[in-house]
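Notes for the one structure printed next.
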Amino acid sequence: MKKLRFIPLSILLSFVLSISAQEKQNDVIYIKASKFTTPLIQKWIEGYSKENNHVKLALADKETKAEDIDLEFVTTELSNDDLHGNQQVVYVGRYALLPITTPQNALISESGDNRFSKKDIEQLFFEKDLLDEANKRAKEKYNVTVYSGNNKTSVSLLFAEYFGYKTTNLKGKKVSGDDLFLLNAIQKDNTGITFNTLNYIYDVKTRHLKENIVLLPLDIKKEYRQALDAADIDQVLSLLENESIDLIPVQNIGFVYNTENSLALNGFLKWVLSEGQQLNHDYGFLNPDKKTLVSQTKKVEDKLLTLTK
């Protein structure tokens with residue numbers, strides 16, 4: 001029995017093809033996702049569909065009913081208490097956040113060769129006790145305006161929790177809508193600072209930082225600085241996949257779904273964990289660490305084997 005748990009992908013997918021071909025041709029697997037993840041998911045859909053054209057997958061929109069959603073893409077790690085019934089989560093990648101501003105911000109020119117430590121980041125972005133004298137001095141030290149997201153899918157939640165705060169502790173102004181608008185906000189305000197995902201900070205086509213965007217210089221090891229200073233997304237991805245850096249939040253992303261769903265759905269997840277990983281970097285996302293990739297692949301393979309018995 002143990003050998004069956006690790007049968008090749010080609011054999012597993014042959015089971016999927018033979019049985020799922022019998023499913024209704026007009027059935028659609030709907031995927032709900034945050035906007036910043038949709039370019040990657042759309043490419044996964046296109047790649048899988050080329051090899052399995054009998055399977056129909058689509059991103060959910062405002063017209064899609066909640067009961068029709070088969071996969072929900074999540075950008076935070078979930079505990080068992082967050083899952084219901086036969087739900088499980090499969091992590092298929094990671095994303096990272098970096099603090100940014102514009103070259104016109106005096107914070108950059110005044111910092112000189114100084115770099116921002118964890119304490120500096122906390123003083124820049126977060127409100128502490130308003131009666132605390134140290135916090136008052138911090139306000140005087142940095143003349144900046146913090147911009148952060150203000151909706152349920154904003155990465156502000158991860159940024160705040162990573163540094164031990166709540167989103168209500170974030171200073172400055174809240175920006176409604178997608179986190180991409182945070183870039184517009186700081187480009188209109190020379191005192192503005194914010195944070196965002198790699199695929200929003202960098203142009204995924206040119207692989208360089210977007211125009212009029214600079215990273216806040218972080219107080220990290222010299223060899224790590226070189227990757228960030230290069231303003232090249234591939235160097236950053238390589239760095240973060242090989243090193244854990246205290247000042248840079250990195251989070252798992254994955255799909256939540258009902259394990260009793262179709263073979264085609266599980267086959268899609270298996271494909272994402274194998275062939276689909278080749279697309280993660282193209283769209284500014286990290287691959288899972290090796291341990292996570294092995295465990296998540298086994299989880300899906302076990303379910304495929306159960307469904308094909």
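Identifiers in the structure tokens: chain A, B, ... in order shown; residue index from 1 per chain; ligand index from 1 in order shown.
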Closest contacts (range 175-211 of chain A/range 30-35 of chain A, max 12 Å, only C-alpha atoms) as a tab-separated table:
```
residue	atom	partner	partner_atom	distance
A:Gly177	CA	A:Lys35	CA	10.0
A:Asp178	CA	A:Lys35	CA	7.1
A:Asp179	CA	A:Lys35	CA	8.8
A:Leu180	CA	A:Lys35	CA	9.2
A:Phe181	CA	A:Lys35	CA	11.9
A:Thr197	CA	A:Lys35	CA	11.7
A:Asn199	CA	A:Lys35	CA	11.3
A:Tyr200	CA	A:Lys35	CA	10.8
```
Could you write those residues out with C-alpha atoms, as a PDB file, in the first residue's frame?
```pdb
ATOM      1  CA  GLY A 177     -10.035  48.968  -2.973  1.00  0.00           C
ATOM      2  CA  ASP A 178      -7.197  46.832  -4.245  1.00  0.00           C
ATOM      3  CA  ASP A 179      -3.721  47.210  -2.714  1.00  0.00           C
ATOM      4  CA  LEU A 180      -2.406  48.319  -6.099  1.00  0.00           C
ATOM      5  CA  PHE A 181      -3.897  51.735  -5.269  1.00  0.00           C
ATOM      6  CA  THR A 197       3.572  42.406  -2.582  1.00  0.00           C
ATOM      7  CA  ASN A 199       4.152  41.393  -7.997  1.00  0.00           C
ATOM      8  CA  TYR A 200       2.788  44.899  -7.363  1.00  0.00           C
TER       9      TYR A 200
END
```
Practice item. Could you give me, as an MDAnalysis selection string, the residues within 10 Å of Leu83 in chain A, counting only C-alpha atoms and dropping anything in the same chain fewer than 6 positions from it? Key: chainID A and resid 89 256:258
Review point. Near Leu218 in chain A, within 9 Å and counting only C-alpha atoms, which residues show up once chain neighbours fewer than 2 positions away are dropped, as a PyMOL selection string?
Key: chain A and resi 99+114-118+121+215-216+220+225+247
Preceding selection exported with all heavy atoms as an mmCIF file, in the first residue's frame:
```cif
data_model
loop_
_atom_site.group_PDB
_atom_site.id
_atom_site.type_symbol
_atom_site.label_atom_id
_atom_site.label_comp_id
_atom_site.auth_asym_id
_atom_site.auth_seq_id
_atom_site.Cartn_x
_atom_site.Cartn_y
_atom_site.Cartn_z
ATOM 1 N N PRO A 99 8.604 47.099 2.328
ATOM 2 C CA PRO A 99 8.211 48.497 2.532
ATOM 3 C C PRO A 99 8.771 49.375 1.416
ATOM 4 O O PRO A 99 9.920 49.211 1.001
ATOM 5 C CB PRO A 99 8.850 48.843 3.882
ATOM 6 C CG PRO A 99 10.050 47.953 3.961
ATOM 7 C CD PRO A 99 9.685 46.683 3.235
ATOM 8 N N ASN A 114 22.248 55.137 6.469
ATOM 9 C CA ASN A 114 21.541 54.445 7.544
ATOM 10 C C ASN A 114 20.454 53.543 6.974
ATOM 11 O O ASN A 114 19.852 53.845 5.939
ATOM 12 C CB ASN A 114 20.918 55.449 8.512
ATOM 13 C CG ASN A 114 21.957 56.271 9.240
ATOM 14 O OD1 ASN A 114 23.031 55.768 9.561
ATOM 15 N ND2 ASN A 114 21.648 57.534 9.494
ATOM 16 N N ARG A 115 20.229 52.454 7.656
ATOM 17 C CA ARG A 115 19.204 51.508 7.234
ATOM 18 C C ARG A 115 18.214 51.284 8.368
ATOM 19 O O ARG A 115 18.539 51.461 9.536
ATOM 20 C CB ARG A 115 19.843 50.193 6.785
ATOM 21 C CG ARG A 115 20.627 50.377 5.480
ATOM 22 C CD ARG A 115 21.288 49.122 4.993
ATOM 23 N NE ARG A 115 21.848 49.349 3.668
ATOM 24 C CZ ARG A 115 21.226 49.092 2.526
ATOM 25 N NH1 ARG A 115 20.010 48.579 2.554
ATOM 26 N NH2 ARG A 115 21.804 49.329 1.369
ATOM 27 N N PHE A 116 17.001 50.873 7.990
ATOM 28 C CA PHE A 116 15.922 50.778 8.961
ATOM 29 C C PHE A 116 15.876 49.405 9.627
ATOM 30 O O PHE A 116 15.786 48.370 8.965
ATOM 31 C CB PHE A 116 14.589 51.093 8.281
ATOM 32 C CG PHE A 116 14.502 52.513 7.797
ATOM 33 C CD1 PHE A 116 14.804 52.835 6.479
ATOM 34 C CD2 PHE A 116 14.150 53.531 8.666
ATOM 35 C CE1 PHE A 116 14.746 54.149 6.034
ATOM 36 C CE2 PHE A 116 14.080 54.848 8.232
ATOM 37 C CZ PHE A 116 14.391 55.165 6.918
ATOM 38 N N SER A 117 15.915 49.438 10.960
ATOM 39 C CA SER A 117 15.841 48.220 11.758
ATOM 40 C C SER A 117 14.368 47.863 12.017
ATOM 41 O O SER A 117 13.452 48.607 11.615
ATOM 42 C CB SER A 117 16.547 48.439 13.097
ATOM 43 O OG SER A 117 15.843 49.429 13.851
ATOM 44 N N LYS A 118 14.151 46.770 12.724
ATOM 45 C CA LYS A 118 12.784 46.384 13.074
ATOM 46 C C LYS A 118 12.130 47.464 13.925
ATOM 47 O O LYS A 118 10.953 47.810 13.737
ATOM 48 C CB LYS A 118 12.788 45.049 13.814
ATOM 49 C CG LYS A 118 11.392 44.538 14.158
ATOM 50 C CD LYS A 118 11.441 43.178 14.812
ATOM 51 C CE LYS A 118 10.036 42.676 15.125
ATOM 52 N NZ LYS A 118 10.062 41.343 15.798
ATOM 53 N N ILE A 121 11.064 50.298 11.687
ATOM 54 C CA ILE A 121 9.866 49.943 10.918
ATOM 55 C C ILE A 121 8.627 50.103 11.796
ATOM 56 O O ILE A 121 7.603 50.649 11.370
ATOM 57 C CB ILE A 121 9.960 48.506 10.368
ATOM 58 C CG1 ILE A 121 11.085 48.394 9.336
ATOM 59 C CG2 ILE A 121 8.620 48.057 9.763
ATOM 60 C CD1 ILE A 121 10.862 49.200 8.077
ATOM 61 N N LEU A 215 12.679 50.855 -2.617
ATOM 62 C CA LEU A 215 12.527 50.109 -1.381
ATOM 63 C C LEU A 215 13.114 50.906 -0.226
ATOM 64 O O LEU A 215 14.132 51.589 -0.391
ATOM 65 C CB LEU A 215 13.261 48.764 -1.476
ATOM 66 C CG LEU A 215 12.892 47.827 -2.625
ATOM 67 C CD1 LEU A 215 13.730 46.551 -2.527
ATOM 68 C CD2 LEU A 215 11.412 47.491 -2.623
ATOM 69 N N LEU A 216 12.483 50.810 0.939
ATOM 70 C CA LEU A 216 13.115 51.376 2.123
ATOM 71 C C LEU A 216 14.355 50.543 2.422
ATOM 72 O O LEU A 216 14.291 49.310 2.429
ATOM 73 C CB LEU A 216 12.167 51.327 3.323
ATOM 74 C CG LEU A 216 10.965 52.268 3.327
ATOM 75 C CD1 LEU A 216 10.264 52.187 4.684
ATOM 76 C CD2 LEU A 216 11.361 53.699 3.040
ATOM 77 N N ILE A 220 19.814 44.822 7.173
ATOM 78 C CA ILE A 220 20.004 43.377 7.043
ATOM 79 C C ILE A 220 21.438 43.097 6.601
ATOM 80 O O ILE A 220 22.194 44.023 6.300
ATOM 81 C CB ILE A 220 18.996 42.766 6.031
ATOM 82 C CG1 ILE A 220 19.117 43.472 4.670
ATOM 83 C CG2 ILE A 220 17.570 42.868 6.558
ATOM 84 C CD1 ILE A 220 18.188 42.932 3.609
ATOM 85 N N ARG A 225 21.384 42.665 1.329
ATOM 86 C CA ARG A 225 21.154 44.005 0.779
ATOM 87 C C ARG A 225 21.404 44.038 -0.723
ATOM 88 O O ARG A 225 20.689 44.704 -1.472
ATOM 89 C CB ARG A 225 22.096 45.021 1.435
ATOM 90 C CG ARG A 225 21.926 45.232 2.915
ATOM 91 C CD ARG A 225 22.976 46.234 3.375
ATOM 92 N NE ARG A 225 23.151 46.223 4.821
ATOM 93 C CZ ARG A 225 24.126 46.855 5.447
ATOM 94 N NH1 ARG A 225 25.034 47.525 4.732
ATOM 95 N NH2 ARG A 225 24.224 46.818 6.755
ATOM 96 N N LEU A 247 13.075 40.984 8.779
ATOM 97 C CA LEU A 247 12.342 42.204 8.447
ATOM 98 C C LEU A 247 11.394 42.058 7.252
ATOM 99 O O LEU A 247 10.715 43.015 6.887
ATOM 100 C CB LEU A 247 13.326 43.342 8.162
ATOM 101 C CG LEU A 247 14.139 43.848 9.361
ATOM 102 C CD1 LEU A 247 15.066 44.975 8.936
ATOM 103 C CD2 LEU A 247 13.214 44.327 10.465
#
```
Point to revise | Contacts of Thr206 in chain A at 12 Å (only C-alpha atoms; same-chain gap of 5+ positions) as a list in words | key: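 Counting only C-alpha atoms, the residues come to Asn199, Ile201, Glu211, Ala231, Asp232, Ile233, Asp234, Asp282, Tyr283 and Gly284 of chain A.
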Suppose we keep N, CA, C and O atoms; can you now write the selection as a tab-separated table (two decimals), in the first residue's frame?
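Wrote it out as selection32.tsv, contents follow:
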```tsv
chain	number	residue	atom	x	y	z
A	199	ASN	N	4.73	41.27	-6.65
A	199	ASN	CA	4.15	41.39	-8.00
A	199	ASN	C	3.50	42.75	-8.24
A	199	ASN	O	3.21	43.10	-9.39
A	201	ILE	N	4.98	45.61	-6.61
A	201	ILE	CA	6.13	46.52	-6.53
A	201	ILE	C	6.99	46.45	-7.79
A	201	ILE	O	7.50	47.47	-8.27
A	211	GLU	N	8.39	52.09	-12.08
A	211	GLU	CA	8.86	53.47	-12.16
A	211	GLU	C	8.44	54.27	-10.94
A	211	GLU	O	7.31	54.15	-10.45
A	231	ALA	N	17.32	45.82	-7.34
A	231	ALA	CA	16.00	46.16	-7.89
A	231	ALA	C	15.53	45.16	-8.93
A	231	ALA	O	14.84	45.51	-9.88
A	232	ASP	N	15.90	43.91	-8.73
A	232	ASP	CA	15.57	42.83	-9.66
A	232	ASP	C	14.74	41.78	-8.91
A	232	ASP	O	15.20	41.21	-7.92
A	233	ILE	N	13.54	41.51	-9.38
A	233	ILE	CA	12.63	40.63	-8.66
A	233	ILE	C	13.16	39.20	-8.55
A	233	ILE	O	12.94	38.51	-7.55
A	234	ASP	N	13.89	38.73	-9.56
A	234	ASP	CA	14.39	37.36	-9.52
A	234	ASP	C	15.45	37.17	-8.44
A	234	ASP	O	15.52	36.11	-7.81
A	282	ASP	N	7.37	33.69	-12.35
A	282	ASP	CA	7.00	34.60	-13.44
A	282	ASP	C	6.05	35.69	-12.97
A	282	ASP	O	6.06	36.80	-13.51
A	283	TYR	N	5.23	35.37	-11.98
A	283	TYR	CA	4.22	36.31	-11.51
A	283	TYR	C	4.52	36.86	-10.12
A	283	TYR	O	3.63	37.38	-9.45
A	284	GLY	N	5.77	36.75	-9.69
A	284	GLY	CA	6.20	37.40	-8.46
A	284	GLY	C	5.93	36.65	-7.18
A	284	GLY	O	5.97	37.24	-6.10
```
Point to revise | Selected residue of minimal separation from Val144 in chain A among A:Lys173, A:Thr101, A:Thr191, A:Asn184, counting only C-alpha atoms | key: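 Of the candidates, the smallest distance to Val144 in chain A is held by A:Thr191.
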Per DSSP on the backbone, what are the strand (DSSP E or B) residues of range 83-264 of chain A, as an mmCIF file with N, CA, C and O atoms, in the first residue's frame?
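Now in selection_8.cif:
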```cif
data_model
loop_
_atom_site.group_PDB
_atom_site.id
_atom_site.type_symbol
_atom_site.label_atom_id
_atom_site.label_comp_id
_atom_site.auth_asym_id
_atom_site.auth_seq_id
_atom_site.Cartn_x
_atom_site.Cartn_y
_atom_site.Cartn_z
ATOM 1 N N GLN A 87 -13.631 20.340 4.673
ATOM 2 C CA GLN A 87 -12.681 21.258 4.059
ATOM 3 C C GLN A 87 -11.236 20.921 4.437
ATOM 4 O O GLN A 87 -10.970 20.419 5.530
ATOM 5 N N GLN A 88 -10.347 21.203 3.522
ATOM 6 C CA GLN A 88 -8.922 21.182 3.836
ATOM 7 C C GLN A 88 -8.233 22.267 3.017
ATOM 8 O O GLN A 88 -8.786 22.769 2.040
ATOM 9 N N VAL A 89 -7.042 22.645 3.436
ATOM 10 C CA VAL A 89 -6.286 23.665 2.714
ATOM 11 C C VAL A 89 -5.018 23.038 2.168
ATOM 12 O O VAL A 89 -4.386 22.212 2.821
ATOM 13 N N VAL A 90 -4.686 23.405 0.942
ATOM 14 C CA VAL A 90 -3.463 22.940 0.300
ATOM 15 C C VAL A 90 -2.653 24.170 -0.100
ATOM 16 O O VAL A 90 -3.121 25.017 -0.869
ATOM 17 N N TYR A 91 -1.453 24.286 0.456
ATOM 18 C CA TYR A 91 -0.597 25.441 0.172
ATOM 19 C C TYR A 91 0.246 25.180 -1.075
ATOM 20 O O TYR A 91 0.889 24.139 -1.195
ATOM 21 N N VAL A 92 0.228 26.157 -1.994
ATOM 22 C CA VAL A 92 0.849 25.956 -3.302
ATOM 23 C C VAL A 92 1.885 27.027 -3.651
ATOM 24 O O VAL A 92 2.439 27.025 -4.753
ATOM 25 N N GLY A 93 2.147 27.936 -2.733
ATOM 26 C CA GLY A 93 3.120 28.982 -2.993
ATOM 27 C C GLY A 93 3.237 29.913 -1.807
ATOM 28 O O GLY A 93 2.662 29.675 -0.745
ATOM 29 N N ARG A 94 3.981 31.012 -2.002
ATOM 30 C CA ARG A 94 4.149 32.015 -0.951
ATOM 31 C C ARG A 94 4.269 33.402 -1.587
ATOM 32 O O ARG A 94 4.592 33.520 -2.766
ATOM 33 N N TYR A 95 3.989 34.414 -0.784
ATOM 34 C CA TYR A 95 4.230 35.784 -1.239
ATOM 35 C C TYR A 95 4.975 36.540 -0.150
ATOM 36 O O TYR A 95 4.983 36.135 1.014
ATOM 37 N N ALA A 96 5.622 37.632 -0.541
ATOM 38 C CA ALA A 96 6.420 38.428 0.392
ATOM 39 C C ALA A 96 6.016 39.893 0.299
ATOM 40 O O ALA A 96 5.506 40.360 -0.725
ATOM 41 N N LEU A 97 6.255 40.622 1.402
ATOM 42 C CA LEU A 97 5.951 42.048 1.459
ATOM 43 C C LEU A 97 7.226 42.854 1.702
ATOM 44 O O LEU A 97 8.086 42.442 2.487
ATOM 45 N N LEU A 98 7.323 43.998 1.030
ATOM 46 C CA LEU A 98 8.458 44.902 1.237
ATOM 47 C C LEU A 98 7.934 46.322 1.451
ATOM 48 O O LEU A 98 6.949 46.733 0.817
ATOM 49 N N PRO A 99 8.604 47.099 2.328
ATOM 50 C CA PRO A 99 8.211 48.497 2.532
ATOM 51 C C PRO A 99 8.771 49.375 1.416
ATOM 52 O O PRO A 99 9.920 49.211 1.001
ATOM 53 N N ILE A 100 7.961 50.307 0.940
ATOM 54 C CA ILE A 100 8.362 51.117 -0.216
ATOM 55 C C ILE A 100 7.990 52.585 -0.030
ATOM 56 O O ILE A 100 7.149 52.941 0.789
ATOM 57 N N THR A 101 8.608 53.418 -0.859
ATOM 58 C CA THR A 101 8.256 54.832 -0.954
ATOM 59 C C THR A 101 8.651 55.290 -2.363
ATOM 60 O O THR A 101 8.823 54.463 -3.263
ATOM 61 N N PHE A 116 17.001 50.873 7.990
ATOM 62 C CA PHE A 116 15.922 50.778 8.961
ATOM 63 C C PHE A 116 15.876 49.405 9.627
ATOM 64 O O PHE A 116 15.786 48.370 8.965
ATOM 65 N N PHE A 126 3.598 52.029 12.822
ATOM 66 C CA PHE A 126 2.597 51.667 13.817
ATOM 67 C C PHE A 126 2.448 52.690 14.943
ATOM 68 O O PHE A 126 3.413 53.269 15.402
ATOM 69 N N THR A 145 3.805 59.876 5.877
ATOM 70 C CA THR A 145 2.391 59.507 5.903
ATOM 71 C C THR A 145 2.275 58.055 5.464
ATOM 72 O O THR A 145 2.669 57.705 4.344
ATOM 73 N N VAL A 146 1.782 57.223 6.346
ATOM 74 C CA VAL A 146 1.624 55.803 6.049
ATOM 75 C C VAL A 146 0.315 55.578 5.293
ATOM 76 O O VAL A 146 -0.737 56.099 5.684
ATOM 77 N N TYR A 147 0.379 54.799 4.223
ATOM 78 C CA TYR A 147 -0.818 54.392 3.488
ATOM 79 C C TYR A 147 -0.939 52.874 3.588
ATOM 80 O O TYR A 147 0.032 52.147 3.358
ATOM 81 N N SER A 148 -2.133 52.406 3.933
ATOM 82 C CA SER A 148 -2.351 50.959 4.038
ATOM 83 C C SER A 148 -3.727 50.601 3.499
ATOM 84 O O SER A 148 -4.609 51.463 3.375
ATOM 85 N N GLY A 149 -3.902 49.332 3.175
ATOM 86 C CA GLY A 149 -5.161 48.860 2.608
ATOM 87 C C GLY A 149 -6.269 48.805 3.640
ATOM 88 O O GLY A 149 -6.027 48.703 4.839
ATOM 89 N N LEU A 170 -2.004 50.557 12.560
ATOM 90 C CA LEU A 170 -1.285 51.195 11.457
ATOM 91 C C LEU A 170 -1.575 52.691 11.424
ATOM 92 O O LEU A 170 -2.725 53.117 11.521
ATOM 93 N N LYS A 173 -3.196 56.889 6.607
ATOM 94 C CA LYS A 173 -4.442 56.880 5.853
ATOM 95 C C LYS A 173 -4.758 55.490 5.297
ATOM 96 O O LYS A 173 -3.866 54.777 4.856
ATOM 97 N N LYS A 174 -6.037 55.155 5.322
ATOM 98 C CA LYS A 174 -6.504 53.886 4.760
ATOM 99 C C LYS A 174 -6.977 54.112 3.330
ATOM 100 O O LYS A 174 -7.676 55.089 3.038
ATOM 101 N N VAL A 175 -6.604 53.209 2.457
ATOM 102 C CA VAL A 175 -6.968 53.310 1.044
ATOM 103 C C VAL A 175 -7.907 52.158 0.700
ATOM 104 O O VAL A 175 -7.558 50.988 0.871
ATOM 105 N N GLY A 192 4.700 59.999 1.494
ATOM 106 C CA GLY A 192 4.036 58.705 1.609
ATOM 107 C C GLY A 192 4.966 57.509 1.671
ATOM 108 O O GLY A 192 5.966 57.446 0.957
ATOM 109 N N ILE A 193 4.623 56.556 2.533
ATOM 110 C CA ILE A 193 5.291 55.252 2.582
ATOM 111 C C ILE A 193 4.209 54.179 2.685
ATOM 112 O O ILE A 193 3.107 54.433 3.181
ATOM 113 N N THR A 194 4.519 52.998 2.217
ATOM 114 C CA THR A 194 3.578 51.896 2.309
ATOM 115 C C THR A 194 4.351 50.593 2.205
ATOM 116 O O THR A 194 5.576 50.553 2.338
ATOM 117 N N PHE A 195 3.653 49.501 1.959
ATOM 118 C CA PHE A 195 4.259 48.181 1.765
ATOM 119 C C PHE A 195 3.378 47.451 0.773
ATOM 120 O O PHE A 195 2.197 47.780 0.612
ATOM 121 N N ASN A 196 3.952 46.470 0.091
ATOM 122 C CA ASN A 196 3.130 45.756 -0.882
ATOM 123 C C ASN A 196 3.806 44.456 -1.298
ATOM 124 O O ASN A 196 4.945 44.164 -0.916
ATOM 125 N N THR A 197 3.081 43.692 -2.101
ATOM 126 C CA THR A 197 3.572 42.406 -2.582
ATOM 127 C C THR A 197 4.566 42.604 -3.723
ATOM 128 O O THR A 197 4.545 43.631 -4.415
ATOM 129 N N TYR A 202 7.140 45.243 -8.320
ATOM 130 C CA TYR A 202 7.980 45.029 -9.503
ATOM 131 C C TYR A 202 7.114 44.848 -10.748
ATOM 132 O O TYR A 202 5.979 44.371 -10.674
ATOM 133 N N HIS A 208 12.010 44.442 -13.116
ATOM 134 C CA HIS A 208 12.612 45.510 -12.323
ATOM 135 C C HIS A 208 11.549 46.252 -11.518
ATOM 136 O O HIS A 208 10.350 46.136 -11.790
ATOM 137 N N LEU A 209 12.003 47.046 -10.539
ATOM 138 C CA LEU A 209 11.076 47.869 -9.776
ATOM 139 C C LEU A 209 10.279 48.772 -10.716
ATOM 140 O O LEU A 209 10.803 49.266 -11.721
ATOM 141 N N VAL A 214 10.869 53.025 -4.827
ATOM 142 C CA VAL A 214 12.119 52.559 -4.231
ATOM 143 C C VAL A 214 11.799 51.790 -2.956
ATOM 144 O O VAL A 214 10.783 52.035 -2.302
ATOM 145 N N LEU A 215 12.679 50.855 -2.617
ATOM 146 C CA LEU A 215 12.527 50.109 -1.381
ATOM 147 C C LEU A 215 13.114 50.906 -0.226
ATOM 148 O O LEU A 215 14.132 51.589 -0.391
ATOM 149 N N LEU A 218 16.725 48.416 4.302
ATOM 150 C CA LEU A 218 16.561 47.650 5.534
ATOM 151 C C LEU A 218 17.907 47.289 6.158
ATOM 152 O O LEU A 218 18.897 47.070 5.450
ATOM 153 N N ASP A 232 15.902 43.906 -8.729
ATOM 154 C CA ASP A 232 15.574 42.826 -9.656
ATOM 155 C C ASP A 232 14.740 41.777 -8.909
ATOM 156 O O ASP A 232 15.204 41.207 -7.923
ATOM 157 N N VAL A 250 6.861 36.836 4.964
ATOM 158 C CA VAL A 250 6.604 35.870 3.891
ATOM 159 C C VAL A 250 5.450 34.986 4.351
ATOM 160 O O VAL A 250 5.435 34.527 5.491
ATOM 161 N N GLN A 251 4.491 34.747 3.480
ATOM 162 C CA GLN A 251 3.291 34.018 3.865
ATOM 163 C C GLN A 251 2.910 32.953 2.846
ATOM 164 O O GLN A 251 3.064 33.155 1.637
ATOM 165 N N ASN A 252 2.410 31.814 3.336
ATOM 166 C CA ASN A 252 1.900 30.767 2.466
ATOM 167 C C ASN A 252 0.592 31.199 1.811
ATOM 168 O O ASN A 252 -0.197 31.957 2.389
ATOM 169 N N ILE A 253 0.360 30.710 0.601
ATOM 170 C CA ILE A 253 -0.914 30.891 -0.087
ATOM 171 C C ILE A 253 -1.396 29.532 -0.568
ATOM 172 O O ILE A 253 -0.595 28.632 -0.847
ATOM 173 N N GLY A 254 -2.702 29.369 -0.642
ATOM 174 C CA GLY A 254 -3.194 28.063 -1.066
ATOM 175 C C GLY A 254 -4.693 28.034 -1.304
ATOM 176 O O GLY A 254 -5.378 29.063 -1.235
ATOM 177 N N PHE A 255 -5.184 26.850 -1.571
ATOM 178 C CA PHE A 255 -6.595 26.645 -1.876
ATOM 179 C C PHE A 255 -7.310 25.951 -0.724
ATOM 180 O O PHE A 255 -6.820 24.964 -0.177
ATOM 181 N N VAL A 256 -8.486 26.443 -0.384
ATOM 182 C CA VAL A 256 -9.399 25.753 0.536
ATOM 183 C C VAL A 256 -10.488 25.122 -0.303
ATOM 184 O O VAL A 256 -11.043 25.760 -1.203
ATOM 185 N N TYR A 257 -10.800 23.861 -0.012
ATOM 186 C CA TYR A 257 -11.827 23.192 -0.797
ATOM 187 C C TYR A 257 -12.418 22.026 -0.018
ATOM 188 O O TYR A 257 -11.868 21.577 0.991
ATOM 189 N N ASN A 258 -13.557 21.558 -0.496
ATOM 190 C CA ASN A 258 -14.215 20.399 0.089
ATOM 191 C C ASN A 258 -13.565 19.148 -0.485
ATOM 192 O O ASN A 258 -13.546 18.951 -1.700
#
```
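In this model, the gap between CA of Lys221 in chain A and CA of Glu241 in chain A comes to 15.9 Å.
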Practice item. Quick one: pull the distance between CA of Ser262 in chain A and CA of Ala58 in chain A, Å, one decimal. Key: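 Interatomic distance, CA of Ser262 in chain A to CA of Ala58 in chain A: 15.2 Å.
Going from CA of Ile45 in chain A to CA of Glu301 in chain A covers 19.4 Å.
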Point to revise | Distance query Gln104 in chain A at most 10 Å, only C-alpha atoms, self and fewer than 4 positions along chain excluded, as number ranges by chain | key: A: 108-109, 187, 189-192, 212-214
Exercise for review: Excluding Tyr224 in chain A and any residue of its chain fewer than 3 positions from it, enumerate the residues within 10 Å of it, using only C-alpha atoms, and give them as a list in words.
Suggested key: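 Listing them by chain and then by number gives Leu218, Asp219, Ile220, Lys221, Ala227, Leu228, Asp229, Gln235, Val236, Leu239, Leu240, Glu243 and Ile245 of chain A.
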Review point. In range 177-263 of chain A, what's helix (DSSP H, G or I) per DSSP? Answer as a PyMOL selection string?
Key: chain A and resi 181-187+198-201+222-229+233-242+263
Review point. Hey, which of A:Phe163, A:Lys298, A:Thr168, A:Ser79 ends up closest to Asp120 in chain A? Count only C-alpha atoms.
Key: A:Phe163
